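Listing of coords-v4.pdb; format and content: PDB, C-alpha atoms.
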```
ATOM      1  CA  MET A   1     -24.272 -16.275   4.073  1.00  0.00           C
ATOM      2  CA  PRO A   2     -25.974 -13.004   5.069  1.00  0.00           C
ATOM      3  CA  TYR A   3     -25.137  -9.746   3.358  1.00  0.00           C
ATOM      4  CA  ASN A   4     -22.244  -7.979   5.096  1.00  0.00           C
ATOM      5  CA  HIS A   5     -21.729  -4.239   4.867  1.00  0.00           C
ATOM      6  CA  THR A   6     -18.023  -4.430   5.739  1.00  0.00           C
ATOM      7  CA  SER A   7     -15.168  -6.868   6.006  1.00  0.00           C
ATOM      8  CA  THR A   8     -12.114  -6.965   8.218  1.00  0.00           C
ATOM      9  CA  LEU A   9      -8.880  -6.152   6.440  1.00  0.00           C
ATOM     10  CA  TRP A  10      -7.304  -9.402   7.608  1.00  0.00           C
ATOM     11  CA  PRO A  11      -9.116 -12.507   8.877  1.00  0.00           C
ATOM     12  CA  THR A  12      -7.010 -13.005  12.020  1.00  0.00           C
ATOM     13  CA  ASP A  13      -5.325 -10.666  14.482  1.00  0.00           C
ATOM     14  CA  GLY A  14      -2.533 -13.024  15.502  1.00  0.00           C
ATOM     15  CA  ASP A  15      -0.572 -13.097  12.252  1.00  0.00           C
ATOM     16  CA  CYS A  16       2.779 -11.356  12.419  1.00  0.00           C
ATOM     17  CA  PHE A  17       5.060 -11.369   9.414  1.00  0.00           C
ATOM     18  CA  TYR A  18       7.287  -8.280   9.409  1.00  0.00           C
ATOM     19  CA  ARG A  19       6.853  -6.390  12.688  1.00  0.00           C
ATOM     20  CA  SER A  20      10.556  -6.523  13.458  1.00  0.00           C
ATOM     21  CA  ARG A  21      11.763  -5.839   9.907  1.00  0.00           C
ATOM     22  CA  ASP A  22      13.877  -2.734   9.417  1.00  0.00           C
ATOM     23  CA  VAL A  23      12.480  -0.580   6.628  1.00  0.00           C
ATOM     24  CA  ASN A  24      14.408   2.545   5.776  1.00  0.00           C
ATOM     25  CA  PRO A  25      12.774   5.471   4.009  1.00  0.00           C
ATOM     26  CA  LEU A  26      13.960   6.489   0.550  1.00  0.00           C
ATOM     27  CA  ARG A  27      12.999   9.564  -1.443  1.00  0.00           C
ATOM     28  CA  GLN A  28      11.702   8.911  -4.925  1.00  0.00           C
ATOM     29  CA  SER A  29      13.244  10.593  -7.923  1.00  0.00           C
ATOM     30  CA  GLY A  30      10.606  11.516 -10.470  1.00  0.00           C
ATOM     31  CA  PRO A  31       7.263   9.718 -10.721  1.00  0.00           C
ATOM     32  CA  HIS A  32       8.555   6.446  -9.271  1.00  0.00           C
ATOM     33  CA  CYS A  33       6.687   5.915  -6.009  1.00  0.00           C
ATOM     34  CA  VAL A  34       5.935   2.237  -6.728  1.00  0.00           C
ATOM     35  CA  SER A  35       9.514   1.278  -7.546  1.00  0.00           C
ATOM     36  CA  THR A  36      10.747   3.286  -4.542  1.00  0.00           C
ATOM     37  CA  VAL A  37       8.323   1.470  -2.216  1.00  0.00           C
ATOM     38  CA  LEU A  38       9.545  -1.877  -3.581  1.00  0.00           C
ATOM     39  CA  ALA A  39      13.121  -0.693  -3.029  1.00  0.00           C
ATOM     40  CA  MET A  40      12.340   0.196   0.596  1.00  0.00           C
ATOM     41  CA  LEU A  41      10.754  -3.206   1.183  1.00  0.00           C
ATOM     42  CA  THR A  42      13.750  -5.076  -0.270  1.00  0.00           C
ATOM     43  CA  ALA A  43      16.675  -2.765   0.602  1.00  0.00           C
ATOM     44  CA  GLN A  44      17.428  -2.429  -3.109  1.00  0.00           C
ATOM     45  CA  THR A  45      17.411   0.579  -5.455  1.00  0.00           C
ATOM     46  CA  ALA A  46      14.298   1.919  -7.129  1.00  0.00           C
ATOM     47  CA  GLU A  47      16.052   1.667 -10.487  1.00  0.00           C
ATOM     48  CA  MET A  48      16.237  -2.093 -10.070  1.00  0.00           C
ATOM     49  CA  PHE A  49      12.429  -2.289 -10.339  1.00  0.00           C
ATOM     50  CA  GLN A  50      11.897   0.292 -13.069  1.00  0.00           C
ATOM     51  CA  GLY A  51      11.155  -1.386 -16.361  1.00  0.00           C
ATOM     52  CA  ARG A  52      10.433  -4.690 -14.552  1.00  0.00           C
ATOM     53  CA  ILE A  53       7.038  -3.769 -13.152  1.00  0.00           C
ATOM     54  CA  ASN A  54       3.849  -2.196 -14.417  1.00  0.00           C
ATOM     55  CA  THR A  55       2.940   0.579 -11.979  1.00  0.00           C
ATOM     56  CA  GLN A  56      -0.765  -0.198 -12.473  1.00  0.00           C
ATOM     57  CA  ASP A  57      -0.413  -3.970 -11.994  1.00  0.00           C
ATOM     58  CA  PRO A  58       0.147  -5.082  -8.378  1.00  0.00           C
ATOM     59  CA  VAL A  59       0.626  -8.667  -9.561  1.00  0.00           C
ATOM     60  CA  SER A  60       3.864  -7.502 -11.204  1.00  0.00           C
ATOM     61  CA  TRP A  61       4.921  -5.857  -7.925  1.00  0.00           C
ATOM     62  CA  SER A  62       4.244  -9.070  -6.030  1.00  0.00           C
ATOM     63  CA  PHE A  63       6.205 -11.069  -8.591  1.00  0.00           C
ATOM     64  CA  ALA A  64       9.157  -8.669  -8.207  1.00  0.00           C
ATOM     65  CA  LEU A  65       9.026  -9.080  -4.416  1.00  0.00           C
ATOM     66  CA  SER A  66       9.075 -12.885  -4.703  1.00  0.00           C
ATOM     67  CA  GLU A  67      12.793 -12.749  -5.513  1.00  0.00           C
ATOM     68  CA  PHE A  68      13.221 -11.428  -1.958  1.00  0.00           C
ATOM     69  CA  GLY A  69      10.953 -13.952  -0.219  1.00  0.00           C
ATOM     70  CA  MET A  70       7.906 -11.669  -0.067  1.00  0.00           C
ATOM     71  CA  LYS A  71       4.650 -11.075  -1.899  1.00  0.00           C
ATOM     72  CA  LEU A  72       1.553  -8.933  -1.561  1.00  0.00           C
ATOM     73  CA  ALA A  73      -1.752 -10.094  -0.106  1.00  0.00           C
ATOM     74  CA  TYR A  74      -4.920  -8.193  -0.972  1.00  0.00           C
ATOM     75  CA  CYS A  75      -6.862  -6.549   1.839  1.00  0.00           C
ATOM     76  CA  PRO A  76     -10.546  -5.979   1.050  1.00  0.00           C
ATOM     77  CA  THR A  77     -11.246  -2.257   0.822  1.00  0.00           C
ATOM     78  CA  ASP A  78     -13.433   0.162  -1.058  1.00  0.00           C
ATOM     79  CA  VAL A  79     -12.984   3.785  -2.038  1.00  0.00           C
ATOM     80  CA  ARG A  80     -13.507   5.191   1.481  1.00  0.00           C
ATOM     81  CA  LYS A  81     -10.842   7.545   2.779  1.00  0.00           C
ATOM     82  CA  LEU A  82      -7.864   5.822   4.399  1.00  0.00           C
ATOM     83  CA  GLN A  83      -8.791   7.358   7.749  1.00  0.00           C
ATOM     84  CA  PHE A  84     -11.526   4.723   7.988  1.00  0.00           C
ATOM     85  CA  TYR A  85      -8.959   1.895   7.729  1.00  0.00           C
ATOM     86  CA  LEU A  86      -5.956   3.273   9.616  1.00  0.00           C
ATOM     87  CA  SER A  87      -6.942   2.231  13.139  1.00  0.00           C
ATOM     88  CA  GLU A  88      -7.519  -1.372  12.062  1.00  0.00           C
ATOM     89  CA  LEU A  89      -4.258  -1.442  10.103  1.00  0.00           C
ATOM     90  CA  ILE A  90      -2.297  -0.012  13.016  1.00  0.00           C
ATOM     91  CA  ARG A  91      -3.914  -2.582  15.333  1.00  0.00           C
ATOM     92  CA  LEU A  92      -2.652  -5.365  13.013  1.00  0.00           C
ATOM     93  CA  ASP A  93       0.845  -3.981  13.736  1.00  0.00           C
ATOM     94  CA  ASP A  94       2.675  -5.245  10.653  1.00  0.00           C
ATOM     95  CA  LEU A  95       3.791  -4.193   7.160  1.00  0.00           C
ATOM     96  CA  PHE A  96       1.410  -2.871   4.478  1.00  0.00           C
ATOM     97  CA  THR A  97       1.364  -0.807   1.312  1.00  0.00           C
ATOM     98  CA  LEU A  98      -1.322   1.855   1.070  1.00  0.00           C
ATOM     99  CA  SER A  99      -2.245   3.303  -2.301  1.00  0.00           C
ATOM    100  CA  TYR A 100      -4.507   6.306  -2.546  1.00  0.00           C
ATOM    101  CA  TYR A 101      -5.846   8.732  -5.116  1.00  0.00           C
ATOM    102  CA  SER A 102      -4.219  12.164  -5.147  1.00  0.00           C
ATOM    103  CA  PRO A 103      -7.399  14.303  -5.222  1.00  0.00           C
ATOM    104  CA  VAL A 104      -9.286  14.706  -1.968  1.00  0.00           C
ATOM    105  CA  ASP A 105     -12.552  15.516  -3.704  1.00  0.00           C
ATOM    106  CA  GLY A 106     -14.944  13.397  -5.747  1.00  0.00           C
ATOM    107  CA  SER A 107     -13.049  13.968  -9.011  1.00  0.00           C
ATOM    108  CA  ILE A 108     -11.693  10.432  -8.743  1.00  0.00           C
ATOM    109  CA  LEU A 109     -15.082   9.336 -10.039  1.00  0.00           C
ATOM    110  CA  ASN A 110     -14.812  11.370 -13.254  1.00  0.00           C
ATOM    111  CA  ASP A 111     -14.801   9.626 -16.601  1.00  0.00           C
ATOM    112  CA  PRO A 112     -11.308   9.256 -18.089  1.00  0.00           C
ATOM    113  CA  ASP A 113     -10.041  11.732 -20.656  1.00  0.00           C
ATOM    114  CA  LYS A 114      -9.193  10.721 -24.247  1.00  0.00           C
ATOM    115  CA  LYS A 115      -5.878   9.218 -23.100  1.00  0.00           C
ATOM    116  CA  GLY A 116      -7.550   7.192 -20.326  1.00  0.00           C
ATOM    117  CA  TRP A 117      -6.336   9.470 -17.493  1.00  0.00           C
ATOM    118  CA  VAL A 118      -8.604  10.112 -14.522  1.00  0.00           C
ATOM    119  CA  CYS A 119      -6.273  11.280 -11.745  1.00  0.00           C
ATOM    120  CA  GLY A 120      -2.961  10.629 -10.063  1.00  0.00           C
ATOM    121  CA  SER A 121      -2.304   8.320  -7.160  1.00  0.00           C
ATOM    122  CA  HIS A 122       0.456   7.575  -4.670  1.00  0.00           C
ATOM    123  CA  ILE A 123       1.715   4.638  -2.624  1.00  0.00           C
ATOM    124  CA  VAL A 124       3.284   4.604   0.839  1.00  0.00           C
ATOM    125  CA  ILE A 125       4.361   1.956   3.320  1.00  0.00           C
ATOM    126  CA  LEU A 126       2.664   1.506   6.675  1.00  0.00           C
ATOM    127  CA  HIS A 127       5.040  -0.274   9.049  1.00  0.00           C
ATOM    128  CA  ARG A 128       3.364  -0.806  12.398  1.00  0.00           C
ATOM    129  CA  SER A 129       2.174   2.745  13.180  1.00  0.00           C
ATOM    130  CA  GLN A 130       4.521   4.644  10.892  1.00  0.00           C
ATOM    131  CA  ILE A 131       4.113   5.822   7.293  1.00  0.00           C
ATOM    132  CA  LEU A 132       7.211   5.730   5.101  1.00  0.00           C
ATOM    133  CA  ASP A 133       6.498   8.137   2.260  1.00  0.00           C
ATOM    134  CA  PRO A 134       8.675   8.015  -0.860  1.00  0.00           C
ATOM    135  CA  ALA A 135       7.526  11.523  -1.883  1.00  0.00           C
ATOM    136  CA  SER A 136       9.315  13.053   1.106  1.00  0.00           C
ATOM    137  CA  GLY A 137      11.715  10.248   2.002  1.00  0.00           C
ATOM    138  CA  ARG A 138      10.547  10.553   5.601  1.00  0.00           C
ATOM    139  CA  THR A 139       8.841   8.480   8.270  1.00  0.00           C
ATOM    140  CA  VAL A 140       5.760  10.006   9.920  1.00  0.00           C
ATOM    141  CA  ASN A 141       3.289   8.792  12.526  1.00  0.00           C
ATOM    142  CA  ALA A 142       0.416   7.284  10.514  1.00  0.00           C
ATOM    143  CA  LYS A 143      -2.222   9.333  12.306  1.00  0.00           C
ATOM    144  CA  ASP A 144      -0.393  12.542  11.338  1.00  0.00           C
ATOM    145  CA  HIS A 145       0.172  11.705   7.659  1.00  0.00           C
ATOM    146  CA  HIS A 146      -1.992  13.463   5.077  1.00  0.00           C
ATOM    147  CA  CYS A 147      -2.886  10.157   3.362  1.00  0.00           C
ATOM    148  CA  SER A 148      -5.743   9.663   5.830  1.00  0.00           C
ATOM    149  CA  ASN A 149      -7.708  12.372   3.981  1.00  0.00           C
ATOM    150  CA  HIS A 150      -7.384  10.620   0.620  1.00  0.00           C
ATOM    151  CA  PHE A 151      -9.588   7.997  -1.000  1.00  0.00           C
ATOM    152  CA  THR A 152      -8.305   4.412  -0.966  1.00  0.00           C
ATOM    153  CA  LYS A 153      -7.040   2.841  -4.167  1.00  0.00           C
ATOM    154  CA  ARG A 154      -5.476  -0.376  -2.814  1.00  0.00           C
ATOM    155  CA  VAL A 155      -4.266  -1.883   0.454  1.00  0.00           C
ATOM    156  CA  PHE A 156      -1.906  -4.850   0.516  1.00  0.00           C
ATOM    157  CA  ARG A 157      -0.246  -6.689   3.363  1.00  0.00           C
ATOM    158  CA  VAL A 158       3.340  -7.737   2.752  1.00  0.00           C
ATOM    159  CA  VAL A 159       3.574 -11.456   3.482  1.00  0.00           C
ATOM    160  CA  PRO A 160       6.217 -14.174   3.031  1.00  0.00           C
ATOM    161  CA  SER A 161       6.223 -15.697  -0.441  1.00  0.00           C
ATOM    162  CA  ASP A 162       5.114 -19.053   0.987  1.00  0.00           C
ATOM    163  CA  CYS A 163       2.070 -17.559   2.742  1.00  0.00           C
ATOM    164  CA  GLN A 164      -1.234 -19.167   1.769  1.00  0.00           C
ATOM    165  CA  ARG A 165      -2.732 -15.772   0.919  1.00  0.00           C
ATOM    166  CA  GLY A 166      -1.329 -13.468  -1.691  1.00  0.00           C
ATOM    167  CA  LEU A 167      -1.052 -12.471  -5.302  1.00  0.00           C
TER     168      LEU A 167
END
```
What is this file in structure tokens?
Amino acid sequence: MPYNHTSTLWPTDGDCFYRSRDVNPLRQSGPHCVSTVLAMLTAQTAEMFQGRINTQDPVSWSFALSEFGMKLAYCPTDVRKLQFYLSELIRLDDLFTLSYYSPVDGSILNDPDKKGWVCGSHIVILHRSQILDPASGRTVNAKDHHCSNHFTKRVFRVVPSDCQRGL
């Protein structure tokens, strides 16, 4: 196979899992963006997921979603800013989680401090062309959300738990 410089985020355009799903925004309380995103996806409370997941382990998030018939499927990305992925994600017209690093400069590449800390990050939901942001508890057009200026940490598609792909 020849060397490829890029990859599509999803191998097919025809898949549709959660276009018609209702996802209601919630505002996080404290540093709980991951548990709040899981709560929005499942119509549960953020507190239900706190203590059950590791915020740095998406496999634990996927396992928590399995109780609700969902899981996460990895989308191949690198550290480019989200603006370079948004058009393709919007074109896929479904349900995703977008994680990004908080700094907008190159400090994300710094070595960790003595406690292992490099920088903060955040997670939001992209549903079709809308961002549901737990920091504000609001829904915003994806092209107008500030996340597009941030470097990508992770992108996952939310898929049914019986989907061939997924964590």
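With only C-alpha atoms as the basis for measurement, A:Pro25 is the residue among A:Pro160, A:Pro25, A:Ser20, A:Gln56 that approaches A:Val140 most closely.
The coordinates place atom CA of A:Leu72 at 8.0 Å from atom CA of A:Pro58.
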Shell around A:Thr139 at 10 Å using only C-alpha atoms, local window under 5 positions removed, as a PyMOL selection string: chain A and resi 23-26+125-127+130-134+145
Residue by residue, what does the PyMOL selection byres ((chain A and resi 108) around 12) grab here? Present the result as a short mmCIF file (atom, residue, chain, number, x, y, z; two decimals) with C-alpha atoms, keeping the file's coordinate frame.
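Just written: result-v2.cif:
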```
data_model
loop_
_atom_site.label_atom_id
_atom_site.label_comp_id
_atom_site.auth_asym_id
_atom_site.auth_seq_id
_atom_site.Cartn_x
_atom_site.Cartn_y
_atom_site.Cartn_z
CA VAL A 79 -12.98 3.78 -2.04
CA ARG A 80 -13.51 5.19 1.48
CA LYS A 81 -10.84 7.54 2.78
CA TYR A 100 -4.51 6.31 -2.55
CA TYR A 101 -5.85 8.73 -5.12
CA SER A 102 -4.22 12.16 -5.15
CA PRO A 103 -7.40 14.30 -5.22
CA VAL A 104 -9.29 14.71 -1.97
CA ASP A 105 -12.55 15.52 -3.70
CA GLY A 106 -14.94 13.40 -5.75
CA SER A 107 -13.05 13.97 -9.01
CA LEU A 109 -15.08 9.34 -10.04
CA ASN A 110 -14.81 11.37 -13.25
CA ASP A 111 -14.80 9.63 -16.60
CA PRO A 112 -11.31 9.26 -18.09
CA TRP A 117 -6.34 9.47 -17.49
CA VAL A 118 -8.60 10.11 -14.52
CA CYS A 119 -6.27 11.28 -11.74
CA GLY A 120 -2.96 10.63 -10.06
CA SER A 121 -2.30 8.32 -7.16
CA HIS A 150 -7.38 10.62 0.62
CA PHE A 151 -9.59 8.00 -1.00
CA THR A 152 -8.30 4.41 -0.97
CA LYS A 153 -7.04 2.84 -4.17
#
```
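Distance-wise, atom CA of A:Ser129 and atom CA of A:Val34 end up 20.3 Å apart.
With only C-alpha atoms as the basis for measurement, A:Leu92 is the residue among A:Cys163, A:Ala142, A:Leu92, A:Ile123 that approaches A:Asp13 most closely.
The coordinates place atom CA of A:Ala46 at 25.5 Å from atom CA of A:Asp93.
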